[in-house]
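The file coords.cif contains mmCIF, C-alpha atoms:
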data_data
#
loop_
_atom_site.label_atom_id
_atom_site.label_comp_id
_atom_site.auth_asym_id
_atom_site.auth_seq_id
_atom_site.Cartn_x
_atom_site.Cartn_y
_atom_site.Cartn_z
CA MET A 1 18.47 20.04 -39.15
CA THR A 2 17.14 17.64 -36.61
CA LYS A 3 15.09 18.74 -33.70
CA TYR A 4 15.38 17.40 -30.24
CA ALA A 5 12.36 17.70 -28.09
CA LEU A 6 12.45 17.54 -24.36
CA LEU A 7 9.38 17.09 -22.29
CA LEU A 8 9.54 18.64 -18.88
CA PHE A 9 7.09 16.69 -16.87
CA LEU A 10 6.12 17.47 -13.39
CA PHE A 11 5.29 14.07 -12.07
CA PRO A 12 7.66 11.73 -10.23
CA GLY A 13 8.96 8.93 -12.32
CA LEU A 14 8.43 10.80 -15.54
CA ALA A 15 10.96 9.74 -18.10
CA PHE A 16 13.17 12.25 -19.79
CA ALA A 17 14.27 11.35 -23.24
CA GLY A 18 17.77 12.40 -22.31
CA SER A 19 19.80 15.54 -22.73
CA SER A 20 21.70 16.68 -25.80
CA LYS A 21 24.78 16.88 -23.54
CA ASP A 22 24.63 13.13 -23.01
CA LEU A 23 24.95 12.39 -26.70
CA PRO A 24 28.26 12.17 -28.57
CA ALA A 25 29.10 14.83 -31.15
CA GLY A 26 27.64 14.05 -34.55
CA ALA A 27 25.05 11.71 -33.11
CA TYR A 28 21.78 11.44 -34.98
CA HIS A 29 19.13 13.06 -32.88
CA THR A 30 15.51 12.19 -33.07
CA THR A 31 12.34 13.17 -31.33
CA VAL A 32 11.56 10.65 -28.62
CA SER A 33 8.97 12.53 -26.61
CA GLU A 34 6.57 10.64 -24.44
CA VAL A 35 3.99 11.77 -21.96
CA ARG A 36 3.65 9.75 -18.76
CA ILE A 37 0.73 10.36 -16.44
CA THR A 38 0.19 8.70 -13.10
CA PHE A 39 -3.46 8.48 -12.09
CA PHE A 40 -6.07 6.54 -10.17
CA ALA A 41 -9.82 6.18 -10.61
CA THR A 42 -12.81 6.18 -8.29
CA ASP A 43 -16.41 5.12 -8.83
CA GLN A 44 -19.67 6.89 -8.01
CA ASN A 45 -19.27 5.94 -4.34
CA ASN A 46 -15.75 7.41 -4.24
CA HIS A 47 -14.30 3.91 -3.96
CA LEU A 48 -11.05 3.16 -5.73
CA VAL A 49 -11.29 1.21 -8.98
CA ASP A 50 -8.78 -1.58 -8.90
CA LYS A 51 -8.79 -2.79 -12.48
CA LEU A 52 -8.60 -0.51 -15.49
CA GLY A 53 -7.95 -1.12 -19.17
CA LYS A 54 -6.92 1.07 -22.08
CA ASP A 55 -10.51 1.12 -23.32
CA ASP A 56 -11.87 2.59 -20.08
CA PHE A 57 -10.57 6.12 -20.58
CA ALA A 58 -9.27 8.78 -22.94
CA VAL A 59 -6.79 11.53 -22.14
CA VAL A 60 -7.53 15.12 -23.12
CA ASP A 61 -4.09 16.68 -23.62
CA HIS A 62 -4.04 20.38 -24.52
CA GLY A 63 -7.62 20.03 -25.74
CA ILE A 64 -6.91 17.05 -28.01
CA VAL A 65 -8.51 13.69 -27.26
CA VAL A 66 -5.91 10.89 -27.09
CA ARG A 67 -7.13 7.29 -27.27
CA ASP A 68 -4.01 5.62 -28.63
CA PHE A 69 -1.74 4.76 -25.72
CA ARG A 70 1.74 3.27 -25.83
CA SER A 71 1.39 1.56 -22.47
CA LEU A 72 -0.72 1.25 -19.35
CA VAL A 73 0.95 -0.25 -16.29
CA ARG A 74 0.67 -0.16 -12.52
CA SER A 75 2.65 2.62 -10.87
CA ASP A 76 6.02 1.51 -9.50
CA GLU A 77 5.91 3.98 -6.60
CA THR A 78 5.91 2.06 -3.33
CA ALA A 79 6.61 4.61 -0.60
CA LEU A 80 5.47 8.05 0.54
CA ASP A 81 7.35 11.21 1.43
CA VAL A 82 4.74 13.14 3.42
CA VAL A 83 4.81 16.76 4.54
CA ALA A 84 1.96 17.53 6.94
CA MET A 85 1.16 21.25 6.81
CA VAL A 86 -0.61 22.57 9.90
CA ASP A 87 -2.48 25.86 9.80
CA ALA A 88 -1.52 27.57 13.09
CA SER A 89 -3.23 30.89 12.47
CA GLU A 90 -5.78 32.60 14.66
CA SER A 91 -8.69 31.69 12.39
CA VAL A 92 -8.37 27.99 13.27
CA ALA A 93 -7.51 28.51 16.96
CA PRO A 94 -10.73 26.99 18.41
CA ARG A 95 -10.02 23.68 16.69
CA PHE A 96 -6.23 23.79 16.94
CA PRO A 97 -5.71 21.36 19.90
CA ARG A 98 -7.70 18.67 18.04
CA THR A 99 -5.73 19.31 14.88
CA ILE A 100 -2.43 18.92 16.73
CA ASN A 101 -3.67 15.64 18.21
CA GLU A 102 -4.52 14.39 14.74
CA VAL A 103 -1.10 15.35 13.44
CA LEU A 104 0.52 13.54 16.39
CA GLN A 105 -1.50 10.44 15.45
CA LEU A 106 -0.35 10.80 11.89
CA VAL A 107 3.27 11.06 12.91
CA SER A 108 3.04 8.12 15.31
CA GLN A 109 1.71 5.78 12.60
CA GLN A 110 3.98 2.89 11.84
CA PRO A 111 6.06 3.49 8.72
CA LEU A 112 4.12 2.30 5.71
CA ALA A 113 7.31 1.23 3.98
CA SER A 114 11.00 1.41 4.80
CA ASP A 115 11.41 4.51 2.64
CA ASP A 116 8.48 6.40 4.18
CA ASN A 117 9.09 9.82 5.65
CA ILE A 118 6.89 12.28 7.49
CA SER A 119 7.77 15.92 8.04
CA VAL A 120 5.68 18.64 9.69
CA VAL A 121 5.49 22.31 8.72
CA SER A 122 3.34 24.79 10.63
CA PHE A 123 2.21 28.17 9.34
CA GLY A 124 0.81 31.07 11.33
CA GLY A 125 2.05 34.64 11.61
CA LEU A 126 4.40 35.81 8.89
CA GLN A 127 6.01 32.64 7.57
CA PRO A 128 6.02 28.83 7.68
CA ALA A 129 8.22 26.95 10.14
CA VAL A 130 9.59 23.42 9.95
CA ILE A 131 8.70 21.54 13.14
CA CYS A 132 10.51 18.39 12.11
CA SER A 133 11.90 17.04 8.88
CA ARG A 134 11.91 13.26 8.34
CA SER A 135 12.64 12.69 12.04
CA CYS A 136 9.20 13.42 13.39
CA ARG A 137 8.81 10.22 15.37
CA ASP A 138 11.21 11.24 18.17
CA ALA A 139 10.16 12.82 21.48
CA GLY A 140 11.76 16.17 20.68
CA ALA A 141 9.59 16.58 17.61
CA GLU A 142 6.47 15.82 19.66
CA GLN A 143 7.42 18.47 22.21
CA ARG A 144 8.00 21.05 19.48
CA LEU A 145 4.64 20.21 17.93
CA LEU A 146 2.82 20.53 21.26
CA ALA A 147 4.49 23.90 21.81
CA VAL A 148 2.97 25.43 18.66
CA ARG A 149 0.24 27.99 19.38
CA ALA A 150 -2.41 29.20 16.95
CA SER A 151 -2.11 32.94 16.42
CA GLY A 152 -1.62 35.61 13.79
CA PRO A 153 -2.49 35.77 10.09
CA THR A 154 -2.41 32.84 7.61
CA PRO A 155 0.48 32.57 5.11
CA LEU A 156 -1.18 29.57 3.42
CA PHE A 157 0.19 30.09 -0.11
CA ASP A 158 3.71 30.86 1.15
CA ALA A 159 3.57 27.63 3.17
CA LEU A 160 2.35 25.62 0.18
CA ALA A 161 5.15 26.93 -2.04
CA TYR A 162 7.70 26.36 0.73
CA SER A 163 6.59 22.78 1.39
CA ALA A 164 6.44 21.98 -2.32
CA ASN A 165 10.03 23.19 -2.73
CA LEU A 166 11.04 21.10 0.29
CA LEU A 167 9.66 17.99 -1.42
CA SER A 168 11.16 18.95 -4.80
CA ARG A 169 14.66 19.10 -3.35
CA ARG A 170 14.53 15.55 -2.03
CA GLN A 171 12.69 13.65 -4.72
CA THR A 172 13.59 9.96 -4.88
CA PRO A 173 12.59 7.50 -7.61
CA GLY A 174 9.79 5.19 -6.47
CA VAL A 175 8.74 7.54 -3.65
CA ARG A 176 5.58 9.58 -4.05
CA PRO A 177 5.68 13.10 -2.58
CA VAL A 178 2.50 13.93 -0.67
CA LEU A 179 1.30 17.11 1.03
CA ILE A 180 -1.40 16.79 3.70
CA LEU A 181 -2.76 20.25 4.41
CA PHE A 182 -4.83 21.01 7.53
CA SER A 183 -6.39 24.42 7.00
CA ASP A 184 -9.54 26.46 6.57
CA GLY A 185 -8.23 27.49 3.13
CA GLU A 186 -8.26 31.22 3.84
CA ASP A 187 -4.95 32.95 3.11
CA THR A 188 -4.50 36.38 4.67
CA ILE A 189 -0.87 37.46 4.29
CA SER A 190 1.18 35.47 1.75
CA LYS A 191 3.59 37.10 -0.66
CA THR A 192 3.06 34.14 -2.99
CA SER A 193 -0.12 34.16 -5.06
CA GLY A 194 -2.53 31.25 -5.07
CA TRP A 195 -1.61 30.39 -8.65
CA ASP A 196 2.13 30.46 -7.92
CA ALA A 197 1.63 28.22 -4.90
CA LEU A 198 -0.39 25.73 -6.90
CA GLU A 199 2.17 25.82 -9.70
CA ALA A 200 4.92 25.04 -7.17
CA VAL A 201 2.95 22.04 -5.91
CA ILE A 202 2.37 20.78 -9.46
CA ALA A 203 6.05 21.34 -10.26
CA SER A 204 7.07 19.28 -7.23
CA GLY A 205 5.01 16.35 -8.46
CA ALA A 206 3.28 16.16 -5.08
CA LEU A 207 -0.31 15.10 -4.56
CA LEU A 208 -2.15 17.46 -2.26
CA TYR A 209 -4.61 16.02 0.27
CA THR A 210 -6.54 18.80 1.99
CA VAL A 211 -8.27 18.36 5.36
CA ASP A 212 -10.87 21.13 5.63
CA LEU A 213 -10.99 22.67 9.12
CA ASN A 214 -14.18 24.62 8.38
CA LYS A 215 -17.42 23.44 9.92
CA PRO A 216 -18.96 20.85 7.57
CA ALA A 217 -22.22 22.78 7.10
CA SER A 218 -20.58 26.05 6.07
CA ALA A 219 -19.67 26.31 2.38
CA SER A 220 -16.91 28.90 2.48
CA ASN A 221 -14.57 30.13 -0.25
CA GLY A 222 -11.79 28.44 1.70
CA SER A 223 -13.48 25.05 1.41
CA VAL A 224 -13.94 25.50 -2.33
CA ALA A 225 -10.30 26.52 -2.71
CA LEU A 226 -9.12 23.48 -0.73
CA GLN A 227 -11.23 21.17 -2.86
CA GLN A 228 -10.09 22.59 -6.17
CA MET A 229 -6.42 22.77 -5.21
CA ALA A 230 -6.48 19.11 -4.19
CA GLU A 231 -8.16 18.10 -7.45
CA ALA A 232 -5.71 20.14 -9.54
CA THR A 233 -2.82 18.07 -8.21
CA GLY A 234 -4.60 14.71 -8.50
CA GLY A 235 -5.08 14.50 -4.72
CA ARG A 236 -8.22 14.51 -2.60
CA TYR A 237 -10.29 16.80 -0.41
CA LEU A 238 -11.37 15.47 2.98
CA PRO A 239 -13.86 17.08 5.36
CA VAL A 240 -12.68 17.74 8.89
CA GLY A 241 -14.35 14.69 10.42
CA GLU A 242 -12.27 12.25 8.43
CA GLY A 243 -9.03 13.25 10.15
CA ALA A 244 -5.35 12.98 9.54
CA VAL A 245 -4.93 9.24 9.71
CA HIS A 246 -7.67 8.82 7.14
CA ALA A 247 -5.84 11.26 4.84
CA LEU A 248 -2.68 9.18 5.13
CA GLN A 249 -4.61 5.97 4.50
CA ALA A 250 -6.26 7.56 1.47
CA ALA A 251 -2.86 8.59 0.12
CA LEU A 252 -1.56 5.06 0.63
CA GLN A 253 -4.59 3.42 -1.00
CA ASP A 254 -4.39 5.82 -3.94
CA LEU A 255 -0.72 4.94 -4.31
CA ARG A 256 -1.53 1.23 -4.51
CA ALA A 257 -4.32 1.75 -7.03
CA SER A 258 -2.32 4.04 -9.31
CA TYR A 259 -1.60 3.41 -12.96
CA VAL A 260 0.86 5.01 -15.37
CA VAL A 261 -0.27 5.66 -18.94
CA THR A 262 2.12 6.74 -21.70
CA TYR A 263 1.45 8.22 -25.13
CA GLN A 264 2.98 10.39 -27.80
CA PRO A 265 2.26 14.09 -27.19
CA PRO A 266 -0.52 15.13 -29.56
CA SER A 267 0.76 18.67 -29.94
CA ASP A 268 4.19 20.34 -30.15
CA ALA A 269 2.86 23.53 -28.60
CA VAL A 270 5.45 24.77 -26.12
CA GLY A 271 4.24 25.67 -22.64
CA PHE A 272 1.62 24.34 -20.28
CA HIS A 273 -0.45 21.43 -21.54
CA SER A 274 -3.68 20.99 -19.63
CA LEU A 275 -4.60 17.39 -18.81
CA ARG A 276 -7.82 15.55 -18.04
CA ILE A 277 -8.63 11.89 -18.05
CA LEU A 278 -12.24 11.13 -18.92
CA PRO A 279 -14.23 7.91 -19.22
CA LYS A 280 -14.87 6.35 -22.61
CA HIS A 281 -17.99 4.50 -21.52
CA ASP A 282 -18.85 4.63 -17.83
CA LEU A 283 -19.52 8.23 -16.83
CA ASN A 284 -19.56 7.18 -13.15
CA LEU A 285 -15.81 6.73 -13.25
CA ARG A 286 -13.73 9.67 -12.07
CA PHE A 287 -10.04 9.83 -12.88
CA HIS A 288 -7.62 11.68 -10.61
CA CYS A 289 -4.45 13.10 -12.11
CA ARG A 290 -2.58 16.38 -12.13
CA ASN A 291 -4.10 19.03 -14.33
CA GLY A 292 -1.16 19.56 -16.65
CA TYR A 293 2.54 19.47 -17.51
CA TYR A 294 5.05 21.73 -19.20
CA TYR A 295 6.28 20.95 -22.69
CA GLN A 296 9.51 22.60 -23.80
CA THR A 297 11.85 22.43 -26.75
CA PRO A 298 15.36 23.54 -25.85
CA ILE A 299 17.42 25.80 -28.06
CA PRO A 300 19.47 23.49 -30.31
CA MET B 1 -64.18 -3.58 -31.28
CA LYS B 2 -62.85 -0.82 -29.06
CA HIS B 3 -59.88 -3.00 -28.01
CA THR B 4 -59.09 -3.82 -31.63
CA LEU B 5 -59.08 -0.15 -32.52
CA TRP B 6 -56.69 0.60 -29.66
CA LEU B 7 -54.39 -2.22 -30.73
CA ILE B 8 -54.28 -0.93 -34.31
CA LEU B 9 -53.54 2.58 -33.05
CA VAL B 10 -50.71 1.37 -30.78
CA PHE B 11 -49.31 -0.86 -33.53
CA CYS B 12 -49.28 2.02 -36.02
CA SER B 13 -47.63 4.45 -33.62
CA LEU B 14 -44.77 2.08 -32.66
CA PRO B 15 -42.65 2.56 -35.79
CA VAL B 16 -42.99 6.34 -35.46
CA ALA B 17 -41.78 6.33 -31.87
CA GLY B 18 -39.02 3.90 -32.75
CA ALA B 19 -37.82 6.04 -35.65
CA GLU B 20 -37.77 9.11 -33.47
CA HIS B 21 -35.71 7.41 -30.85
CA LEU B 22 -33.53 4.93 -32.69
CA GLY B 23 -33.54 5.43 -36.44
CA VAL B 24 -32.22 8.99 -36.66
CA TYR B 25 -28.98 8.62 -34.76
CA GLN B 26 -25.85 9.71 -36.55
CA HIS B 27 -22.35 8.63 -35.55
CA GLY B 28 -19.35 10.75 -34.77
CA THR B 29 -16.09 11.01 -32.86
CA VAL B 30 -15.09 13.62 -30.30
CA VAL B 31 -11.62 14.82 -31.27
CA ARG B 32 -11.23 17.88 -29.06
CA MET B 33 -12.52 18.92 -25.67
CA ARG B 34 -11.90 22.04 -23.64
CA MET B 35 -13.55 23.96 -20.85
CA GLY B 36 -15.06 27.17 -22.24
CA ASP B 37 -17.08 30.11 -21.06
CA CYS B 38 -20.51 29.86 -19.52
CA THR B 39 -22.83 32.72 -18.89
CA PHE B 40 -22.71 32.45 -15.13
CA PRO B 41 -21.24 35.06 -12.76
CA PRO B 42 -17.76 34.26 -11.37
CA HIS B 43 -17.35 32.49 -8.03
CA GLY B 44 -15.39 29.63 -6.54
CA PHE B 45 -11.78 28.87 -7.33
CA MET B 46 -11.10 31.64 -9.85
CA ALA B 47 -12.73 34.22 -7.63
CA THR B 48 -10.58 33.02 -4.76
CA PHE B 49 -7.27 32.66 -6.58
CA GLY B 50 -7.57 34.84 -9.66
CA ALA B 51 -5.44 37.96 -9.64
CA PRO B 52 -7.43 41.17 -10.28
CA GLN B 53 -6.02 41.42 -13.83
CA MET B 54 -7.00 37.81 -14.54
CA GLN B 55 -10.75 37.95 -14.06
CA MET B 56 -12.28 34.91 -15.68
CA PRO B 57 -15.68 33.34 -15.32
CA ALA B 58 -15.46 30.61 -12.68
CA GLU B 59 -18.21 28.51 -14.20
CA VAL B 60 -16.89 26.80 -17.27
CA CYS B 61 -18.69 24.37 -19.52
CA PRO B 62 -17.26 21.54 -21.59
CA GLU B 63 -16.94 22.31 -25.28
CA TYR B 64 -16.53 19.38 -27.65
CA THR B 65 -15.55 19.13 -31.31
CA LEU B 66 -17.61 16.31 -32.74
CA VAL B 67 -16.64 15.03 -36.19
CA SER B 68 -19.26 13.18 -38.23
CA ASP B 69 -19.24 12.03 -41.88
CA LYS B 70 -20.59 15.24 -43.36
CA VAL B 71 -20.51 17.90 -40.65
CA VAL B 72 -18.24 18.93 -37.77
CA TYR B 73 -20.03 20.35 -34.73
CA VAL B 74 -18.69 22.41 -31.85
CA ILE B 75 -21.10 21.77 -28.99
CA VAL B 76 -21.27 23.14 -25.47
CA GLY B 77 -22.69 21.59 -22.33
CA ARG B 78 -24.98 23.44 -19.94
CA SER B 79 -22.89 22.87 -16.82
CA SER B 80 -19.31 22.07 -15.90
CA ASN B 81 -20.06 18.43 -15.21
CA GLN B 82 -22.05 17.61 -18.34
CA LEU B 83 -19.71 15.09 -19.90
CA ILE B 84 -19.80 12.96 -23.03
CA PRO B 85 -18.28 9.49 -22.90
CA LEU B 86 -15.17 9.77 -25.08
CA ALA B 87 -15.72 6.45 -26.83
CA ASP B 88 -14.23 5.89 -30.30
CA GLU B 89 -17.67 6.55 -31.76
CA ILE B 90 -20.78 8.10 -30.22
CA ASP B 91 -24.42 8.31 -31.37
CA PHE B 92 -26.16 11.64 -31.61
CA ARG B 93 -29.13 13.35 -33.23
CA LEU B 94 -30.25 16.90 -33.89
CA GLN B 95 -33.32 17.94 -31.96
CA LYS B 96 -34.89 21.40 -31.90
CA GLY B 97 -31.64 23.20 -32.63
CA GLU B 98 -29.73 21.20 -30.06
CA LEU B 99 -27.58 18.12 -30.30
CA ALA B 100 -28.64 15.15 -28.21
CA VAL B 101 -25.90 12.63 -27.45
CA ARG B 102 -26.83 9.08 -26.56
CA VAL B 103 -25.28 8.11 -23.26
CA ASP B 104 -25.30 4.75 -21.56
CA ASP B 105 -26.67 2.62 -24.41
CA ALA B 106 -29.73 4.74 -25.28
CA LYS B 107 -31.10 4.77 -21.76
CA HIS B 108 -30.28 8.42 -21.51
CA GLU B 109 -29.60 11.38 -23.79
CA SER B 110 -27.56 14.44 -22.94
CA LYS B 111 -28.38 17.67 -24.78
CA PHE B 112 -25.80 20.20 -25.90
CA SER B 113 -26.03 23.63 -27.49
CA ILE B 114 -24.47 23.90 -30.95
CA ARG B 115 -21.89 26.69 -31.01
CA GLU B 116 -20.50 26.14 -34.52
CA MET B 117 -21.07 23.91 -37.52
CA ILE B 118 -18.75 23.42 -40.49
CA LEU B 119 -18.81 21.04 -43.42
CA ARG B 120 -16.47 18.10 -42.94
CA THR B 121 -14.69 18.82 -46.26
CA GLU B 122 -13.90 22.38 -45.17
CA TRP B 123 -12.79 21.23 -41.74
CA ASP B 124 -10.46 18.66 -43.30
CA LEU B 125 -8.92 21.39 -45.47
CA VAL B 126 -8.33 23.61 -42.43
CA GLN B 127 -6.76 20.71 -40.52
CA LYS B 128 -4.48 19.90 -43.46
CA HIS B 129 -3.41 23.54 -43.68
CA ILE B 130 -2.58 23.59 -39.94
CA THR B 131 -0.64 20.33 -40.21
CA ASP B 132 1.34 21.62 -43.22
CA GLU B 133 2.17 24.85 -41.42
CA LEU B 134 3.37 23.01 -38.33
CA SER B 135 5.47 20.49 -40.26
CA ALA B 136 7.09 23.09 -42.56
CA PRO B 137 10.67 24.01 -41.53
CA PRO B 138 10.84 27.45 -39.91
CA ARG B 139 11.99 30.17 -42.27
CA SER B 140 15.26 31.82 -41.28
CA SER B 141 15.44 35.55 -40.62
CA ASP B 142 17.81 35.97 -43.64
CA GLU B 143 15.20 34.40 -45.89
CA LEU B 144 12.51 36.67 -44.52
CA LEU B 145 14.70 39.74 -45.01
CA SER B 146 15.56 38.85 -48.60
CA THR B 147 11.88 38.28 -49.35
CA ARG B 148 11.09 41.66 -47.90
CA SER B 149 13.87 43.41 -49.90
CA ARG B 150 12.58 41.88 -53.14
CA ASN B 151 9.20 43.45 -52.42
#
Just dump the structure as structure tokens.
Amino acid sequence: MTKYALLLFLFPGLAFAGSSKDLPAGAYHTTVSEVRITFFATDQNNHLVDKLGKDDFAVVDHGIVVRDFRSLVRSDETALDVVAMVDASESVAPRFPRTINEVLQLVSQQPLASDDNISVVSFGGLQPAVICSRSCRDAGAEQRLLAVRASGPTPLFDALAYSANLLSRRQTPGVRPVLILFSDGEDTISKTSGWDALEAVIASGALLYTVDLNKPASASNGSVALQQMAEATGGRYLPVGEGAVHALQAALQDLRASYVVTYQPPSDAVGFHSLRILPKHDLNLRFHCRNGYYYQTPIP
Amino acid sequence: MKHTLWLILVFCSLPVAGAEHLGVYQHGTVVRMRMGDCTFPPHGFMATFGAPQMQMPAEVCPEYTLVSDKVVYVIVGRSSNQLIPLADEIDFRLQKGELAVRVDDAKHESKFSIREMILRTEWDLVQKHITDELSAPPRSSDELLSTRSRN
């Protein structure tokens, strides 16, 4: 009996081998699994590395070191679908007017490409609220954004899961989903757990860029959480001073410097496969990619 | 006379120093890597996000499986960011119960604790057994039942 393996990847542009429904009856099935990872690299100064070769890195997939790659090419994603998430809870109230100004700057940026979209979701009180979806550059959206007030508890994880699902529903080939989160990282009321929220972001294929609203000198749990969530998705953590426009520019630069590597999965173990990309020679190189994917074999 | 004596002394000590630093390196390949436990109290991401029933140490250290000609080592770093370049082959040596890995063309060594050691021949046998088990077709429930009834 032949086996048909299906890899469920969580990154945009990941190739599915096909479905057994697509094949005619009596067709000879074979295992055609392939892992595709989109990533970019930075040097010791956090500058993007433009040129990479197959000998610069190894992938650690489910604990196994992979050095034999099928291909390494530039990413074909050319546009961004951005959801800006604005923490509108009481804990960030003193800085809220500045944050709103930064988000307005972000929204007013010229489209980076014809397919670019920017949506805004605010969260404060009991649940997240969509301020504008893909049509944030009109005057009405600006008025709605300026009307938001910072108050109440922080449903951060609920908002993350909500925004990730929003991006998942409208995924388009060649368009990279991006979440830009403005928050102090402290959740106070969500029904969704931190792990479930992060899993939803990974499942959406979105890169998370976090803008830390805590004071730069204070090392809070929220700052650590923001940093590690961003890294888990292959995104970046930015301190408050760097602002919204910088986050968008970083996302765009990362997009342009991204590569896609493909290889045969080293293990048939069903479930979550952790992922890391590590340097083969230069330990100053740092590779940014999501921290895993799901591998499944369907019932034949 | 004094200078000559010094020169002889320096000349004689050179091969010893060279042997200690260059001649004793073995070669191996890292085939597995995972983040394992460290002996530090939990904080950071896991403390923030971990559910109460999922308490795990936040500080994790890299654990590598290093395969050499004769011996396979499982080694552990001292901190989460102590990395080994995952080149096809790396140079290492044993030093005072630890394993020192040459990083950056011998300009620097990184020391790791040895968690486990196993002879390469035994390790190969274990790997072959695992591969055979994974590649064997799954036994049907009927087959298992009939085997059980025969017993």
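The two atoms in question, CA of Asn291 in chain A and CA of Phe157 in chain A, are spaced 18.5 Å apart.
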### Query
Between A:Val148, A:Ile37, A:Ala230, A:Leu160, which one has atoms that come closest to Leu72 in chain A, using only C-alpha atoms?
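That would be A:Ile37, the residue with the smallest distance to Leu72 in chain A.
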### Message
Which residues are close to range 61-70 of chain A, i.e. within 12 Å by only C-alpha atoms, leaving aside same-chain residues fewer than 4 positions away? Reply as a ChimeraX atom specification.
### Response
/A:33-37,53-57,260-280,290-295 /B:29-36,62-66,85-89
### Task
Work out how far apart CA of Gly140 in chain A and CA of Glu242 in chain A are and give it in Å to one decimal.
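According to the coordinates, CA of Gly140 in chain A and CA of Glu242 in chain A are separated by 27.3 Å.
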### Query
Which residues match the PyMOL selection byres ((chain A and resi 102-106) around 12) in the file above, as a VMD selection string?
chain A and resid 82 to 87 95 to 101 107 to 112 117 to 122 131 to 132 136 to 139 141 to 146 180 to 182 211 213 240 to 249
### Task
Can you work out which one of B:Leu125, B:Leu83, B:Val60, B:Val67 has the shortest atom-to-atom distance to Arg102 in chain B, counting only C-alpha atoms?
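Looking only at the distances to Arg102 in chain B, the closest residue turns out to be B:Leu83.
Minimum distance to Ser68 in chain B across B:Ser80, B:Ala100, B:His108, B:Thr121 (counting only C-alpha atoms) occurs at B:Thr121.
Candidate residues B:Gln95, B:Gln127, B:Gln82, B:Ser113 were compared for distance to chain A, and the nearest is B:Gln82, using all atoms listed in the file.
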#### Entry: Nearby residues (all atoms listed in the file) at most 7 Å from range 216-220 of chain A, same-chain spacing under 3 positions excluded, as an MDAnalysis selection string
chainID A and resid 223:224 239
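Interatomic distance, CA of Ala161 in chain A to CA of Ala200 in chain A: 5.5 Å.
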### Counting all atoms listed in the file, the residue of B:Leu94, B:Ala136, B:Cys61, B:Val101 that sits nearest Asp37 in chain B
B:Cys61
#### Entry: Reference answer for the PyMOL selection byres ((chain B and resi 91) around 8), as a list in words
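On the file shown, the PyMOL selection byres ((chain B and resi 91) around 8) covers Tyr25, Gln26, His27, Gly28, Glu89, Ile90, Phe92, Arg93, Val101 and Arg102 of chain B.
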### Task
Evaluate the PyMOL selection byres ((chain A and resi 258) around 9) on the structure here and hand back the selected residues as a list in words.
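Selected by the PyMOL selection byres ((chain A and resi 258) around 9) in this file: Thr38, Phe39, Phe40, Ala41, Asp50, Val73, Arg74, Ser75, Asp76, Glu77, Gln253, Asp254, Leu255, Arg256, Ala257, Tyr259 and Val260 of chain A.
Close contacts of Asp196 in chain A, defined as residues with an atom at most 12 Å away when counting all atoms listed in the file, with chain neighbours fewer than 4 positions off set aside, comprise Leu156, Phe157, Asp158, Ala159, Leu160, Ala161, Tyr162, Ala164, Asn165, Ser190, Lys191, Thr192, Ala200, Val201, Ile202, Ala203 and Met229 of chain A; Phe49, Gly50 and Ala51 of chain B.
Shortest atom-to-atom contact with chain A among B:Asp69, B:Glu98, B:Asp104, B:Glu122: B:Asp104, counting all atoms listed in the file.
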Where atoms are lacking, range 201-210 of chain A completed to N, CA and C atoms, as a PDB file, keeping the file's coordinate frame:
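And here's result10.pdb as it stands now:
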ATOM      1  N   VAL A 201       3.353  23.392  -6.316  1.00  0.00           N
ATOM      2  CA  VAL A 201       2.950  22.040  -5.910  1.00  0.00           C
ATOM      3  C   VAL A 201       2.946  21.112  -7.131  1.00  0.00           C
ATOM      4  N   ILE A 202       2.392  21.598  -8.236  1.00  0.00           N
ATOM      5  CA  ILE A 202       2.370  20.780  -9.460  1.00  0.00           C
ATOM      6  C   ILE A 202       3.790  20.495  -9.923  1.00  0.00           C
ATOM      7  N   ALA A 203       4.657  21.514  -9.831  1.00  0.00           N
ATOM      8  CA  ALA A 203       6.050  21.340 -10.260  1.00  0.00           C
ATOM      9  C   ALA A 203       6.786  20.328  -9.391  1.00  0.00           C
ATOM     10  N   SER A 204       6.397  20.227  -8.127  1.00  0.00           N
ATOM     11  CA  SER A 204       7.070  19.280  -7.230  1.00  0.00           C
ATOM     12  C   SER A 204       6.633  17.845  -7.491  1.00  0.00           C
ATOM     13  N   GLY A 205       5.532  17.688  -8.208  1.00  0.00           N
ATOM     14  CA  GLY A 205       5.010  16.350  -8.460  1.00  0.00           C
ATOM     15  C   GLY A 205       4.221  15.804  -7.279  1.00  0.00           C
ATOM     16  N   ALA A 206       3.965  16.644  -6.282  1.00  0.00           N
ATOM     17  CA  ALA A 206       3.280  16.160  -5.080  1.00  0.00           C
ATOM     18  C   ALA A 206       1.769  16.102  -5.287  1.00  0.00           C
ATOM     19  N   LEU A 207       1.150  15.135  -4.634  1.00  0.00           N
ATOM     20  CA  LEU A 207      -0.310  15.100  -4.560  1.00  0.00           C
ATOM     21  C   LEU A 207      -0.710  15.831  -3.292  1.00  0.00           C
ATOM     22  N   LEU A 208      -1.703  16.678  -3.406  1.00  0.00           N
ATOM     23  CA  LEU A 208      -2.150  17.460  -2.260  1.00  0.00           C
ATOM     24  C   LEU A 208      -3.442  16.876  -1.706  1.00  0.00           C
ATOM     25  N   TYR A 209      -3.408  16.482  -0.429  1.00  0.00           N
ATOM     26  CA  TYR A 209      -4.610  16.020   0.270  1.00  0.00           C
ATOM     27  C   TYR A 209      -4.974  17.121   1.267  1.00  0.00           C
ATOM     28  N   THR A 210      -6.153  17.690   1.119  1.00  0.00           N
ATOM     29  CA  THR A 210      -6.540  18.800   1.990  1.00  0.00           C
ATOM     30  C   THR A 210      -7.561  18.320   3.017  1.00  0.00           C
TER      31      THR A 210
END
